[in-house]
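Chemist: My questions all concern the structure below.
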Amino acid sequence: MRVDFQRFLFVAVLAILGYLVIPPLFFTIQSSFYVAKGFEPPSLSLKNYKDLLSTPGTGSLLLNSLWFAVGSSVVALVIGTLLAWIVERTNTPFKNLAYLSAFTSFAIPGIIKVIGWILLLGPENGLINVWLRDLLGLQKSLFNIFTMTGMIFVEGVLWTPVVFLFMAAPFRSMDPSLEESAYMSGAGIAKSFYHITLKLGLPSVLSVLLLTFVRAVEAFEIPALVGIPGGIMVLTTEIYLKLKTGLLPQYGPASAYGVVLIFFVSIGLYLYSNATRQAQKFYTITGKGFRPRLIDVGKWRYFTVALIFVLPILLVLPILVLLWSSVLPYYVKPSREALSAITLANYFSAFQSTNVVGALKNSLFISLVSATATMLLTSITAWLIIRTNIRGKWILDHLASFTLSFPSVVLGVALLLTYLKLPVPIYGTIWILVVAYITRYIPYGIRYCSPGLLQINKELEESAQMSGAPWGVVFRKIVIPLMMPSLFAGWIYVFLLSVRELTVALMLYSPGSQVISVIIFEMWDFGKTGELAAFSVSICLILVTLAVIFHRLSRRYGLQI
């Protein structure tokens, strides 16, 4: 009877995952072969792919996407890895400030930070450029964010906290005996770091580099807000413009570009998977006990402390410029004259809008439902994969991980096509966003649930079942409570990702179903800088409060993002 129930549960979860994953992929591939003929029914053809390959601009799209992804990945990796080493391997003070800044930065939507950097580094009125022109008497601005270099810098800055958190763990757990041997042999800190520490952490370095590369390939906020005004197009913005410009959406060409993007992301994820699988070759933690010794940086302490403050500075600068803009009737550089014009009118104006209030309610509801449903589904999926001997359970693992290869913009297109064709009446409602977020974040839920379940001894469940407890009672009263730290960490992670999400929401929203990120995007598009800044600062306060709470819980209960 127990085996029959397991099979029933397996079939049910397989059906849910299959429904979430397979139709979007099918309709994306199908649409890529459709050629529209005005208002006539489309015909099947390879024309979309032929046009993609023969269009002169395709090469530049691919090169721009590649250069943007590689450059921003390297920037984030260098800064984030150096900060992680300083925090975990040296006696530099103010370490908690780096962690708090990383958690806080993660909570703030990317679009808010991008707009803040545009206000700082814009070639005409960017605050930093204005100050430098006045200070140095320059005729031209030193920085122009609307370039490939500007895009790489901002994307690298946005990914630095994530790289820092990923690299902190291997540095924290690394056996210091090899480093100590190097010091005793006369090697300095720099040589020891390069020849030993960095090489021992090579799998982590490679995996984080590949991960940031993949996510930069699918990035949208910076290519849209910085790249399009600067005339720099990448694959994600090309897909967006195919759907959002012109008389009719170009679903066929957009889908063809989407298939190409899925292909490149899949290659990156495959390489990432191989890099992480090779990590056992570099293990330095064994049964032999050790106590990590912190490196005394000595006279370099002032330099390392300055680097510790890099994260909070990169976080605070764009928020400060938005705060300044939010209390002014129009954006001007800070001055005594501008101080006399300070007002809270933008805050009142922003929150008097029914669209803004509705977006807040929508975001809260969608994020709560998405996070809860995702963790519930993935906890059951993880249990089936780890605890049962059902043939074919590997299919669940592959389905649950497959949407990692779906860039956000492609997933938005895929779900748009899916619910235009399937007789499921959720198109044009907030429920399509709920489905989209669950589909998007299933892999992240599995990442939390599987390790949490592996830590629980199977005998606890078997004892309860031998006492006559049904599976539902065992799962609810034993498995879930013991997995709660992992489930809660995953829930917070998915919730914050859902609140931040712009790309999928921008592709799927309709009047009345806007969310926070879409409202901010529309305000920027319409030039409502003051109201946008006021709304953004308010959202930051709310999300930063949640991030600080989560940071304290993570320190108390050992939770990790």
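Letters for chains follow the order of the structure tokens (A, B, ...), residue numbers begin at 1 for each chain, and ligand numbers begin at 1 in the order shown.
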Contacts between stretch 488-511 of chain A and stretch 446-481 of chain A, please, where a residue of stretch 446-481 of chain A counts if it comes within 9 Å (with only C-alpha atoms); show its shortest atom pair and distance in Å to one decimal, rows by chain and ascending number, as JSON lines.
Modeler:
```
{"residue": "A:Ile446", "atom": "CA", "partner": "A:Gly490", "partner_atom": "CA", "distance": 8.7}
{"residue": "A:Arg447", "atom": "CA", "partner": "A:Gly490", "partner_atom": "CA", "distance": 8.2}
{"residue": "A:Tyr448", "atom": "CA", "partner": "A:Gly490", "partner_atom": "CA", "distance": 5.6}
{"residue": "A:Cys449", "atom": "CA", "partner": "A:Gly490", "partner_atom": "CA", "distance": 7.7}
```
Chemist: Any idea what's packed within 7 Å of A:Met151, counting only C-alpha atoms, ignoring anything in its chain fewer than 6 positions away? Could you give it as a ChimeraX atom specification?
Modeler: /A:145,222,226-227
Chemist: Rounded to one decimal place, report the atom CA of A:Ser105-atom CA of A:Pro161 distance in Å.
Modeler: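 A separation of 7.0 Å between them.
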Chemist: What's the separation between atom CA of A:Tyr270 and atom CA of A:Ala107, in Å to one decimal place?
Modeler: 28.3 Å
Chemist: Given only C-alpha atoms as the basis, pick out the residue of A:Leu66, A:Leu320, A:Ile386, A:Leu396 nearest to A:Trp117.
Modeler: A:Leu320
Chemist: Using only C-alpha atoms, which residues of stretch 215-276 of chain A come within 10 Å of stretch 411-421 of chain A, and what is the closest atom pair for each, with the distance in Å to one decimal? Give it as JSON lines, sorted by chain and residue number.
Modeler:
```
{"residue": "A:Ile239", "atom": "CA", "partner": "A:Val413", "partner_atom": "CA", "distance": 8.6}
{"residue": "A:Tyr240", "atom": "CA", "partner": "A:Val413", "partner_atom": "CA", "distance": 8.8}
{"residue": "A:Leu243", "atom": "CA", "partner": "A:Val413", "partner_atom": "CA", "distance": 8.5}
{"residue": "A:Tyr251", "atom": "CA", "partner": "A:Val413", "partner_atom": "CA", "distance": 8.0}
{"residue": "A:Ala254", "atom": "CA", "partner": "A:Val413", "partner_atom": "CA", "distance": 7.9}
{"residue": "A:Ser255", "atom": "CA", "partner": "A:Val413", "partner_atom": "CA", "distance": 7.3}
{"residue": "A:Gly258", "atom": "CA", "partner": "A:Val413", "partner_atom": "CA", "distance": 8.2}
{"residue": "A:Ile262", "atom": "CA", "partner": "A:Leu411", "partner_atom": "CA", "distance": 9.7}
```
Chemist: Keeping only N, CA and C atoms, take the residues you just selected and write them out as a CSV table (one decimal), in the first residue's frame.
Modeler:
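Done, and the output landed in result13.csv:
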```csv
chain,number,residue,atom,x,y,z
A,239,ILE,N,15.1,40.2,-28.1
A,239,ILE,CA,13.9,39.4,-27.9
A,239,ILE,C,12.8,40.3,-27.4
A,240,TYR,N,13.1,41.2,-26.4
A,240,TYR,CA,12.1,42.1,-25.8
A,240,TYR,C,11.6,43.0,-26.9
A,243,LEU,N,9.0,41.7,-29.4
A,243,LEU,CA,7.6,41.6,-28.9
A,243,LEU,C,7.0,42.9,-28.5
A,251,TYR,N,6.4,37.0,-32.6
A,251,TYR,CA,6.6,35.8,-31.8
A,251,TYR,C,7.6,34.8,-32.4
A,254,ALA,N,11.2,36.2,-32.2
A,254,ALA,CA,11.6,36.3,-30.8
A,254,ALA,C,11.9,34.9,-30.2
A,255,SER,N,11.0,33.9,-30.6
A,255,SER,CA,11.2,32.5,-30.2
A,255,SER,C,12.5,31.9,-30.7
A,258,GLY,N,15.2,33.2,-28.7
A,258,GLY,CA,15.0,32.5,-27.4
A,258,GLY,C,15.7,31.1,-27.5
A,262,ILE,N,18.7,29.9,-25.1
A,262,ILE,CA,18.6,28.7,-24.3
A,262,ILE,C,19.8,27.8,-24.6
```
Chemist: Do a neighbour search on A:Val327 at 6 Å with only C-alpha atoms, toss out local chain neighbours closer than 3 positions, and write the hits as number ranges by chain.
Modeler: A: 324, 342-344
Chemist: Which residue out of A:Tyr347, A:Tyr437, A:Phe27, A:Phe475 has the minimum interatomic distance to A:Thr372 when only C-alpha atoms are used?
Modeler: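 Of A:Tyr347, A:Tyr437, A:Phe27, A:Phe475, the one nearest A:Thr372, counting only C-alpha atoms, is A:Tyr437.
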